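Student: Structure file start.cif, mmCIF, C-alpha atoms, is pasted below:
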data_query
#
loop_
_atom_site.group_PDB
_atom_site.id
_atom_site.type_symbol
_atom_site.label_atom_id
_atom_site.label_comp_id
_atom_site.auth_asym_id
_atom_site.auth_seq_id
_atom_site.Cartn_x
_atom_site.Cartn_y
_atom_site.Cartn_z
ATOM 1 C CA MET V 1 20.209 14.042 -13.038
ATOM 2 C CA GLN V 2 17.708 16.856 -12.872
ATOM 3 C CA ILE V 3 17.253 18.441 -9.440
ATOM 4 C CA ILE V 4 13.870 19.766 -8.345
ATOM 5 C CA GLU V 5 14.147 21.894 -5.196
ATOM 6 C CA ASN V 6 11.500 23.442 -2.988
ATOM 7 C CA ALA V 7 13.083 26.069 -0.761
ATOM 8 C CA LYS V 8 9.975 26.412 1.413
ATOM 9 C CA VAL V 9 10.069 22.833 2.669
ATOM 10 C CA LYS V 10 13.827 22.445 2.089
ATOM 11 C CA GLU V 11 13.441 19.329 -0.037
ATOM 12 C CA LYS V 12 15.289 18.128 -3.136
ATOM 13 C CA VAL V 13 14.211 15.471 -5.594
ATOM 14 C CA TYR V 14 16.730 14.044 -8.047
ATOM 15 C CA THR V 15 15.070 12.711 -11.194
ATOM 16 C CA LYS V 16 16.440 10.704 -14.086
ATOM 17 C CA LYS V 17 14.773 9.127 -17.100
ATOM 18 C CA LEU V 18 16.767 6.033 -18.054
ATOM 19 C CA GLU V 19 17.370 4.704 -21.567
ATOM 20 C CA ASN V 20 14.658 2.087 -21.114
ATOM 21 C CA GLY V 21 12.147 4.845 -20.306
ATOM 22 C CA LEU V 22 11.955 4.274 -16.534
ATOM 23 C CA THR V 23 11.599 7.456 -14.477
ATOM 24 C CA VAL V 24 13.633 7.306 -11.259
ATOM 25 C CA MET V 25 13.089 9.784 -8.428
ATOM 26 C CA ILE V 26 15.459 9.949 -5.447
ATOM 27 C CA ILE V 27 14.681 11.904 -2.284
ATOM 28 C CA PRO V 28 17.828 12.034 -0.103
ATOM 29 C CA LYS V 29 17.233 12.339 3.663
ATOM 30 C CA LYS V 30 20.561 12.704 5.426
ATOM 31 C CA GLY V 31 20.570 11.102 8.863
ATOM 32 C CA MET V 32 17.204 9.412 8.393
ATOM 33 C CA GLN V 33 17.122 5.802 9.634
ATOM 34 C CA LYS V 34 14.112 4.618 7.648
ATOM 35 C CA LYS V 35 14.290 3.896 3.946
ATOM 36 C CA TYR V 36 11.415 3.714 1.474
ATOM 37 C CA MET V 37 11.003 2.327 -2.008
ATOM 38 C CA ILE V 38 7.952 2.301 -4.261
ATOM 39 C CA TRP V 39 7.723 1.074 -7.849
ATOM 40 C CA GLY V 40 4.580 1.926 -9.729
ATOM 41 C CA ALA V 41 3.037 1.335 -13.126
ATOM 42 C CA HIS V 42 0.600 3.685 -14.845
ATOM 43 C CA TYR V 43 -1.952 0.904 -14.984
ATOM 44 C CA GLY V 44 -5.135 0.603 -12.972
ATOM 45 C CA SER V 45 -8.674 -0.711 -13.113
ATOM 46 C CA ASN V 46 -9.732 1.916 -15.682
ATOM 47 C CA GLU V 47 -7.635 0.291 -18.421
ATOM 48 C CA SER V 48 -9.992 -2.373 -19.773
ATOM 49 C CA SER V 49 -9.709 -1.290 -23.438
ATOM 50 C CA PHE V 50 -6.431 -0.254 -25.037
ATOM 51 C CA ILE V 51 -4.234 -0.546 -28.112
ATOM 52 C CA VAL V 52 -0.878 -2.223 -27.545
ATOM 53 C CA PRO V 53 2.082 -0.304 -29.009
ATOM 54 C CA GLY V 54 2.749 -1.649 -32.498
ATOM 55 C CA GLU V 55 -0.762 -3.038 -32.905
ATOM 56 C CA GLU V 56 -3.868 -1.524 -34.490
ATOM 57 C CA LYS V 57 -6.604 -3.675 -32.997
ATOM 58 C CA ILE V 58 -8.257 -2.684 -29.710
ATOM 59 C CA THR V 59 -7.652 -5.157 -26.879
ATOM 60 C CA THR V 60 -10.480 -5.492 -24.351
ATOM 61 C CA VAL V 61 -9.992 -7.418 -21.112
ATOM 62 C CA PRO V 62 -12.310 -8.258 -18.191
ATOM 63 C CA ASN V 63 -12.695 -5.859 -15.269
ATOM 64 C CA GLY V 64 -10.321 -6.581 -12.402
ATOM 65 C CA VAL V 65 -7.214 -7.602 -14.372
ATOM 66 C CA ALA V 66 -4.932 -4.889 -12.929
ATOM 67 C CA HIS V 67 -5.736 -5.939 -9.351
ATOM 68 C CA PHE V 68 -5.476 -9.645 -10.253
ATOM 69 C CA LEU V 69 -2.059 -9.004 -11.795
ATOM 70 C CA GLU V 70 -0.899 -7.209 -8.645
ATOM 71 C CA HIS V 71 -1.786 -10.284 -6.574
ATOM 72 C CA LYS V 72 -0.083 -12.723 -8.928
ATOM 73 C CA LEU V 73 3.260 -10.934 -9.192
ATOM 74 C CA PHE V 74 4.179 -12.003 -5.650
ATOM 75 C CA GLU V 75 4.094 -15.705 -6.580
ATOM 76 C CA GLN V 76 7.442 -16.940 -7.860
ATOM 77 C CA GLU V 77 8.383 -19.909 -10.039
ATOM 78 C CA ASN V 78 10.483 -21.449 -7.228
ATOM 79 C CA GLY V 79 7.346 -21.740 -5.076
ATOM 80 C CA THR V 80 8.046 -18.800 -2.783
ATOM 81 C CA ASN V 81 5.851 -15.773 -2.189
ATOM 82 C CA SER V 82 7.806 -12.518 -2.354
ATOM 83 C CA LEU V 83 5.626 -10.875 0.284
ATOM 84 C CA ASP V 84 6.628 -13.626 2.712
ATOM 85 C CA VAL V 85 10.283 -13.206 1.751
ATOM 86 C CA LEU V 86 10.130 -9.465 2.405
ATOM 87 C CA THR V 87 8.350 -9.965 5.723
ATOM 88 C CA ALA V 88 11.048 -12.455 6.789
ATOM 89 C CA LEU V 89 13.635 -9.740 6.127
ATOM 90 C CA GLY V 90 11.897 -7.552 8.715
ATOM 91 C CA VAL V 91 10.624 -4.976 6.244
ATOM 92 C CA GLU V 92 7.073 -3.683 5.954
ATOM 93 C CA ALA V 93 5.967 -4.469 2.409
ATOM 94 C CA ASN V 94 2.721 -4.040 0.526
ATOM 95 C CA ALA V 95 1.130 -3.399 -2.879
ATOM 96 C CA TYR V 96 -2.056 -1.750 -4.055
ATOM 97 C CA THR V 97 -4.134 -1.072 -7.157
ATOM 98 C CA THR V 98 -6.150 2.064 -7.871
ATOM 99 C CA ASN V 99 -8.189 3.281 -10.842
ATOM 100 C CA ASP V 100 -5.085 4.559 -12.647
ATOM 101 C CA HIS V 101 -1.971 2.979 -11.148
ATOM 102 C CA THR V 102 -0.522 -0.080 -9.407
ATOM 103 C CA ALA V 103 2.353 0.143 -6.931
ATOM 104 C CA TYR V 104 4.697 -2.166 -5.022
ATOM 105 C CA LEU V 105 6.474 -0.802 -1.955
ATOM 106 C CA PHE V 106 8.355 -1.412 1.248
ATOM 107 C CA GLU V 107 9.881 0.515 4.135
ATOM 108 C CA CYS V 108 12.608 -0.563 6.515
ATOM 109 C CA THR V 109 15.507 0.406 8.724
ATOM 110 C CA ASP V 110 17.666 -2.655 7.962
ATOM 111 C CA ASN V 111 18.129 -5.055 5.042
ATOM 112 C CA PHE V 112 17.237 -2.406 2.473
ATOM 113 C CA TYR V 113 19.336 -3.816 -0.366
ATOM 114 C CA GLU V 114 18.131 -7.386 0.241
ATOM 115 C CA ALA V 115 14.541 -6.101 0.111
ATOM 116 C CA MET V 116 15.360 -4.080 -2.994
ATOM 117 C CA ASP V 117 16.713 -7.254 -4.627
ATOM 118 C CA GLU V 118 13.456 -9.076 -3.933
ATOM 119 C CA LEU V 119 11.093 -6.289 -5.001
ATOM 120 C CA MET V 120 12.917 -5.538 -8.224
ATOM 121 C CA ASP V 121 13.127 -9.257 -8.978
ATOM 122 C CA TYR V 122 9.459 -10.171 -8.572
ATOM 123 C CA VAL V 123 8.132 -7.072 -10.336
ATOM 124 C CA GLN V 124 10.271 -7.924 -13.383
ATOM 125 C CA HIS V 125 9.631 -11.698 -13.449
ATOM 126 C CA PRO V 126 5.952 -12.646 -13.708
ATOM 127 C CA TYR V 127 5.037 -16.308 -13.357
ATOM 128 C CA PHE V 128 1.531 -17.337 -14.408
ATOM 129 C CA THR V 129 0.189 -20.849 -14.949
ATOM 130 C CA ASP V 130 -3.298 -22.190 -15.533
ATOM 131 C CA GLU V 131 -3.237 -23.717 -12.063
ATOM 132 C CA ASN V 132 -2.065 -20.685 -10.057
ATOM 133 C CA VAL V 133 -4.440 -18.368 -11.936
ATOM 134 C CA GLU V 134 -7.426 -20.599 -11.107
ATOM 135 C CA LYS V 135 -6.333 -20.782 -7.471
ATOM 136 C CA GLU V 136 -6.119 -16.982 -7.279
ATOM 137 C CA LYS V 137 -9.685 -16.616 -8.548
ATOM 138 C CA GLY V 138 -10.907 -18.253 -5.360
ATOM 139 C CA ILE V 139 -8.770 -15.981 -3.175
ATOM 140 C CA ILE V 140 -9.864 -12.796 -4.923
ATOM 141 C CA GLY V 141 -13.447 -14.034 -4.991
ATOM 142 C CA GLN V 142 -13.361 -14.104 -1.183
ATOM 143 C CA GLU V 143 -11.967 -10.561 -1.189
ATOM 144 C CA ILE V 144 -14.796 -9.397 -3.464
ATOM 145 C CA MET V 145 -17.427 -10.871 -1.138
ATOM 146 C CA MET V 146 -15.730 -9.218 1.831
ATOM 147 C CA TYR V 147 -15.894 -5.794 0.172
ATOM 148 C CA ASP V 148 -19.542 -6.391 -0.736
ATOM 149 C CA ASP V 149 -20.248 -6.362 3.018
ATOM 150 C CA TYR V 150 -17.934 -3.405 3.802
ATOM 151 C CA PRO V 151 -20.170 -0.330 4.341
ATOM 152 C CA ASP V 152 -17.468 2.314 3.744
ATOM 153 C CA TRP V 153 -16.613 0.831 0.338
ATOM 154 C CA ARG V 154 -20.246 0.281 -0.634
ATOM 155 C CA VAL V 155 -21.206 3.901 0.075
ATOM 156 C CA TYR V 156 -18.272 5.116 -2.044
ATOM 157 C CA LEU V 157 -19.105 2.864 -5.002
ATOM 158 C CA ASN V 158 -22.763 3.819 -4.824
ATOM 159 C CA ALA V 159 -21.737 7.471 -5.116
ATOM 160 C CA MET V 160 -19.675 6.669 -8.205
ATOM 161 C CA LYS V 161 -22.558 4.730 -9.767
ATOM 162 C CA ALA V 162 -24.939 7.617 -9.055
ATOM 163 C CA MET V 163 -22.652 10.101 -10.826
ATOM 164 C CA TYR V 164 -21.125 8.248 -13.786
ATOM 165 C CA HIS V 165 -22.876 6.633 -16.742
ATOM 166 C CA GLU V 166 -19.923 5.054 -18.577
ATOM 167 C CA ASN V 167 -16.669 6.090 -16.916
ATOM 168 C CA PRO V 168 -14.899 2.979 -15.548
ATOM 169 C CA VAL V 169 -14.246 4.772 -12.243
ATOM 170 C CA LYS V 170 -17.693 3.511 -11.207
ATOM 171 C CA ILE V 171 -16.532 -0.132 -11.487
ATOM 172 C CA ASP V 172 -15.083 -1.896 -8.458
ATOM 173 C CA ILE V 173 -11.279 -2.075 -8.752
ATOM 174 C CA VAL V 174 -11.245 -5.788 -7.917
ATOM 175 C CA GLY V 175 -13.882 -6.597 -10.557
ATOM 176 C CA THR V 176 -16.685 -9.073 -9.894
ATOM 177 C CA ILE V 177 -16.900 -12.841 -9.469
ATOM 178 C CA GLU V 178 -18.151 -13.022 -13.068
ATOM 179 C CA THR V 179 -15.421 -10.849 -14.619
ATOM 180 C CA ILE V 180 -12.441 -12.440 -12.858
ATOM 181 C CA ALA V 181 -13.709 -15.858 -13.962
ATOM 182 C CA LYS V 182 -12.780 -14.805 -17.540
ATOM 183 C CA ILE V 183 -9.141 -14.011 -16.668
ATOM 184 C CA ASP V 184 -6.463 -16.448 -17.847
ATOM 185 C CA LYS V 185 -2.671 -16.485 -17.987
ATOM 186 C CA GLU V 186 -2.616 -15.190 -21.593
ATOM 187 C CA ILE V 187 -4.564 -12.060 -20.570
ATOM 188 C CA LEU V 188 -2.262 -11.516 -17.593
ATOM 189 C CA TYR V 189 0.908 -11.836 -19.671
ATOM 190 C CA LYS V 190 -0.430 -9.485 -22.355
ATOM 191 C CA CYS V 191 -1.384 -6.826 -19.814
ATOM 192 C CA TYR V 192 1.928 -7.230 -18.004
ATOM 193 C CA GLN V 193 3.964 -6.866 -21.195
ATOM 194 C CA THR V 194 1.909 -3.842 -22.226
ATOM 195 C CA PHE V 195 1.740 -1.858 -19.001
ATOM 196 C CA TYR V 196 4.788 -3.002 -17.034
ATOM 197 C CA ASN V 197 7.246 -1.712 -19.591
ATOM 198 C CA PRO V 198 9.740 0.633 -17.843
ATOM 199 C CA SER V 199 8.565 3.557 -20.000
ATOM 200 C CA ASN V 200 5.159 3.233 -18.304
ATOM 201 C CA MET V 201 6.612 3.039 -14.803
ATOM 202 C CA ALA V 202 8.241 5.186 -12.123
ATOM 203 C CA LEU V 203 10.459 4.198 -9.208
ATOM 204 C CA VAL V 204 10.969 6.335 -6.087
ATOM 205 C CA VAL V 205 13.425 5.838 -3.217
ATOM 206 C CA CYS V 206 13.723 7.940 -0.075
ATOM 207 C CA GLY V 207 16.354 7.737 2.654
ATOM 208 C CA ASP V 208 19.949 8.456 3.548
ATOM 209 C CA PHE V 209 21.367 7.813 0.062
ATOM 210 C CA LYS V 210 23.799 9.475 -2.267
ATOM 211 C CA PRO V 211 21.715 9.981 -5.441
ATOM 212 C CA GLU V 212 24.423 8.757 -7.809
ATOM 213 C CA ASP V 213 25.080 5.618 -5.744
ATOM 214 C CA ILE V 214 21.479 4.502 -5.352
ATOM 215 C CA LEU V 215 20.786 5.249 -9.018
ATOM 216 C CA GLN V 216 23.581 2.857 -9.966
ATOM 217 C CA GLU V 217 22.174 0.208 -7.606
ATOM 218 C CA ILE V 218 18.820 0.511 -9.381
ATOM 219 C CA LYS V 219 20.433 0.220 -12.815
ATOM 220 C CA ASN V 220 22.322 -2.902 -11.694
ATOM 221 C CA ARG V 221 19.025 -4.638 -10.874
ATOM 222 C CA LEU V 222 17.111 -3.736 -14.038
ATOM 223 C CA ILE V 223 16.748 -6.352 -16.750
ATOM 224 C CA LYS V 224 17.521 -5.200 -20.284
ATOM 225 C CA THR V 225 14.297 -3.922 -21.820
ATOM 226 C CA LYS V 226 13.638 -1.394 -24.550
ATOM 227 C CA ALA V 227 11.168 1.428 -24.071
ATOM 228 C CA SER V 228 7.834 0.756 -25.728
ATOM 229 C CA GLY V 229 5.713 3.195 -27.667
ATOM 230 C CA GLU V 230 2.654 5.000 -26.386
ATOM 231 C CA ILE V 231 -0.200 2.876 -25.070
ATOM 232 C CA LYS V 232 -3.491 4.173 -26.444
ATOM 233 C CA ARG V 233 -6.094 3.938 -23.690
ATOM 234 C CA ILE V 234 -9.712 3.741 -24.797
ATOM 235 C CA TYR V 235 -12.263 5.392 -22.528
ATOM 236 C CA PRO V 236 -16.005 5.781 -23.181
ATOM 237 C CA ASP V 237 -17.571 9.205 -23.624
ATOM 238 C CA GLU V 238 -19.122 10.460 -20.407
ATOM 239 C CA PRO V 239 -22.175 12.767 -20.311
ATOM 240 C CA GLU V 240 -21.968 15.797 -18.050
ATOM 241 C CA GLU V 241 -25.196 15.020 -16.205
ATOM 242 C CA ILE V 242 -25.359 12.542 -13.324
ATOM 243 C CA VAL V 243 -27.169 9.181 -13.416
ATOM 244 C CA GLN V 244 -29.359 9.761 -10.348
ATOM 245 C CA LYS V 245 -29.414 12.002 -7.295
ATOM 246 C CA LYS V 246 -29.249 9.348 -4.592
ATOM 247 C CA ILE V 247 -28.614 5.659 -3.955
ATOM 248 C CA GLU V 248 -29.540 4.094 -0.637
ATOM 249 C CA GLN V 249 -28.411 0.723 0.652
ATOM 250 C CA LYS V 250 -29.123 -0.933 4.001
ATOM 251 C CA LEU V 251 -26.223 -2.599 5.812
ATOM 252 C CA GLU V 252 -25.386 -3.292 9.459
ATOM 253 C CA VAL V 253 -23.747 -0.069 10.720
ATOM 254 C CA SER V 254 -23.585 1.654 14.110
ATOM 255 C CA GLN V 255 -24.566 4.966 12.549
ATOM 256 C CA PRO V 256 -25.609 6.069 9.045
ATOM 257 C CA LEU V 257 -22.866 6.689 6.469
ATOM 258 C CA TYR V 258 -23.053 8.982 3.482
ATOM 259 C CA THR V 259 -20.906 10.266 0.653
ATOM 260 C CA ILE V 260 -21.439 13.547 -1.183
ATOM 261 C CA GLY V 261 -20.298 13.507 -4.808
ATOM 262 C CA ILE V 262 -19.685 16.463 -7.117
ATOM 263 C CA LYS V 263 -19.246 15.431 -10.732
ATOM 264 C CA ASP V 264 -16.546 17.163 -12.760
ATOM 265 C CA THR V 265 -15.940 15.851 -16.282
ATOM 266 C CA LYS V 266 -12.936 18.129 -16.853
ATOM 267 C CA LYS V 267 -9.397 16.814 -16.493
ATOM 268 C CA CYS V 268 -8.026 16.978 -12.949
ATOM 269 C CA ASP V 269 -4.281 17.521 -12.613
ATOM 270 C CA VAL V 270 -2.264 17.116 -9.400
ATOM 271 C CA LYS V 271 -2.561 20.759 -8.337
ATOM 272 C CA LYS V 272 -6.314 20.757 -8.811
ATOM 273 C CA HIS V 273 -6.628 17.485 -6.916
ATOM 274 C CA ILE V 274 -4.626 18.804 -3.945
ATOM 275 C CA ALA V 275 -6.551 22.097 -3.939
ATOM 276 C CA ILE V 276 -9.887 20.240 -3.849
ATOM 277 C CA GLU V 277 -8.704 18.011 -0.996
ATOM 278 C CA MET V 278 -7.544 21.025 1.018
ATOM 279 C CA LEU V 279 -10.841 22.825 0.448
ATOM 280 C CA LEU V 280 -12.887 19.793 1.479
ATOM 281 C CA ASN V 281 -10.778 19.295 4.610
ATOM 282 C CA ILE V 282 -11.355 22.932 5.574
ATOM 283 C CA ILE V 283 -15.115 22.619 5.051
ATOM 284 C CA ILE V 284 -15.915 19.094 6.262
ATOM 285 C CA GLY V 285 -12.622 17.620 7.537
ATOM 286 C CA ARG V 286 -12.290 16.029 10.975
ATOM 287 C CA SER V 287 -10.827 19.237 12.435
ATOM 288 C CA SER V 288 -13.334 21.551 10.719
ATOM 289 C CA ARG V 289 -16.087 23.437 12.529
ATOM 290 C CA THR V 290 -18.646 21.364 10.651
ATOM 291 C CA LEU V 291 -17.632 18.231 12.523
#
Represent the structure of the file as structure tokens.
Tutor:
Amino acid sequence: MQIIENAKVKEKVYTKKLENGLTVMIIPKKGMQKKYMIWGAHYGSNESSFIVPGEEKITTVPNGVAHFLEHKLFEQENGTNSLDVLTALGVEANAYTTNDHTAYLFECTDNFYEAMDELMDYVQHPYFTDENVEKEKGIIGQEIMMYDDYPDWRVYLNAMKAMYHENPVKIDIVGTIETIAKIDKEILYKCYQTFYNPSNMALVVCGDFKPEDILQEIKNRLIKTKASGEIKRIYPDEPEEIVQKKIEQKLEVSQPLYTIGIKDTKKCDVKKHIAIEMLLNIIIGRSSRTL
């Protein structure tokens, strides 16, 4: 395993890329009672057009598939819901979808390996039927309507729509009532098989573990899968200029909300992202002189 050490914060991260392409990162915390696990796929709402490894034709799917897929993975063929199983174990479990990744996670003090069994089982065993996909459309449809009335989310999306002409970052992660209506089990299975290959995923554990031991536990729970080739992601060209200077929307709020957007079409790596967040917190963060 490769060891990445930061002497300033006295932290070590043990990393290993397995034969199936999965990147495993282990952060040992001697004496720490809590344990964390997160398993993520490089797959978010931005990936609506792509070329599957081994194919030449572009696949285009409706907006909202990544989030829909996240919801459906919890439902198991035996009729159980893995989120309920994890909650019954006394662990705090969740999942989320962003523009560029989807993640499944839990934290606990007890029953770590039982929770690990469940998480690694449901993420690797999708179960989609015509009936459970149709049922989920109603559930997610309610979520979409809820976010339509959520001022904080509306002001953010309006900022994205004011800045971006074509970039999919301006599209709601959950999709719309119209787009999710086009999702079926075949689309879900194709996107799962494309993006949930271990070579497109990373798994991180943190707690009082011996790196070699927990790595073996992870390997024991992985199904045999070969690494896939590169997924070609198709994104539209984005002009440098913004769409419009301002979007206003009236909703019931106790005080006005606003978002300031600065458009940058250049690639943003992790260091740049962190630097921008630090700068913005200094200028307009909750503890800044501005507020």
Student: Taking the file as shown, what set of residues would the PyMOL selection byres ((chain V and resi 223) around 10) give back, as an MDAnalysis selection string?
Tutor: chainID V and resid 20 120:121 124:125 198 219:222 224:226
Student: Could you spell out the hits of the PyMOL selection byres ((chain V and resi 245) around 10) on the shown file, as a PyMOL selection string?
Tutor: chain V and resi 159+162-163+242-244+246-247+261
Student: Starting from the PyMOL selection byres ((chain V and resi 155) around 8), expand the selection into actual residues of this file and give them as a list of chain:residue names.
Tutor: V:Pro151, V:Asp152, V:Trp153, V:Arg154, V:Tyr156, V:Leu157, V:Asn158, V:Ala159, V:Gln249, V:Leu257, V:Tyr258, V:Thr259
Student: For Lys232 in chain V, which residue among V:Asn281, V:Thr23, V:Ser48, V:Asn99 is the nearest when counting all atoms listed in the file?
Tutor: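 Residue with the minimum atom-to-atom distance to Lys232 in chain V: V:Ser48.
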Student: Within 9 Å of range 169-183 of chain V, counting all atoms listed in the file, which residues qualify if same-chain residues fewer than 2 places away don't, as a PyMOL selection string?
Tutor: chain V and resi 44-46+61-68+97-99+133-134+137+140-141+143-145+157-167+185-188
Student: Just to confirm, what's the straight-line distance from CA of Lys210 in chain V to CA of Asn94 in chain V in Å (one decimal)?
Tutor: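 Distance between the two atoms: 25.2 Å.
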Student: Counting only C-alpha atoms, what are the residues of range 102-143 of chain V within 12 Å of range 200-206 of chain V, and for each of them which pair of atoms is the nearest and at what distance in Å, to one decimal? Sort the table by chain and rising number, as a tab-separated table.
Tutor:
residue	atom	partner	partner_atom	distance
V:Thr102	CA	V:Met201	CA	9.5
V:Ala103	CA	V:Ala202	CA	9.3
V:Tyr104	CA	V:Leu203	CA	9.6
V:Leu105	CA	V:Val204	CA	9.4
V:Phe106	CA	V:Val205	CA	9.9
V:Glu107	CA	V:Cys206	CA	9.4
V:Cys108	CA	V:Cys206	CA	10.8
V:Thr109	CA	V:Cys206	CA	11.7
V:Phe112	CA	V:Val205	CA	10.7
V:Tyr113	CA	V:Val205	CA	11.7
V:Met116	CA	V:Val205	CA	10.1
V:Leu119	CA	V:Leu203	CA	11.3
V:Met120	CA	V:Leu203	CA	10.1
V:Val123	CA	V:Met201	CA	11.2
V:Gln124	CA	V:Met201	CA	11.6
Student: With all atoms listed in the file as the basis for distance, which of V:Ile218, V:Leu18, V:Ala115, V:Leu73 is at the shortest distance from Thr87 in chain V?
Tutor: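 Closest to Thr87 in chain V, using all atoms listed in the file: V:Ala115.
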Student: Which value, in Å to one decimal, gives the distance between CA of Glu240 in chain V and CA of Asp264 in chain V?
Tutor: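 Separating CA of Glu240 in chain V from CA of Asp264 in chain V is a distance of 7.7 Å.
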Student: Which residue, V:Asp100, V:Glu55, V:Glu92, V:Glu212, has the smallest gap to Lys16 in chain V when you use only C-alpha atoms?
Tutor: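 Closest candidate: V:Glu212.
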Student: Skipping near chain neighbours, those fewer than 5 positions away, what residues fall within 10 Å of Val52 in chain V using all atoms listed in the file, listed as a count of residues only?
Tutor: 14
Student: Between CA of Tyr36 in chain V and CA of His101 in chain V, what is the spacing in Å?
Tutor: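 Computing the Euclidean distance for CA of His101 in chain V and CA of Tyr36 in chain V yields 18.4 Å.
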Student: Any idea what's packed within 8 Å of Ile234 in chain V, counting all atoms listed in the file, ignoring anything in its chain fewer than 3 positions away? Could you give it as a PyMOL selection string?
Tutor: chain V and resi 47-51
Student: Got a sec: who's within 12 Å of range 283-290 of chain V, counting only C-alpha atoms, leaving out chain neighbours fewer than 5 positions off, as a ChimeraX atom specification?
Tutor: /V:259-260,276-278
Student: So, counting all atoms listed in the file, which residue among V:Glu75, V:Asp110, V:Asp84, V:Glu118 is closest to Asn132 in chain V?
Tutor: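 Smallest separation from Asn132 in chain V among the options: V:Glu75.
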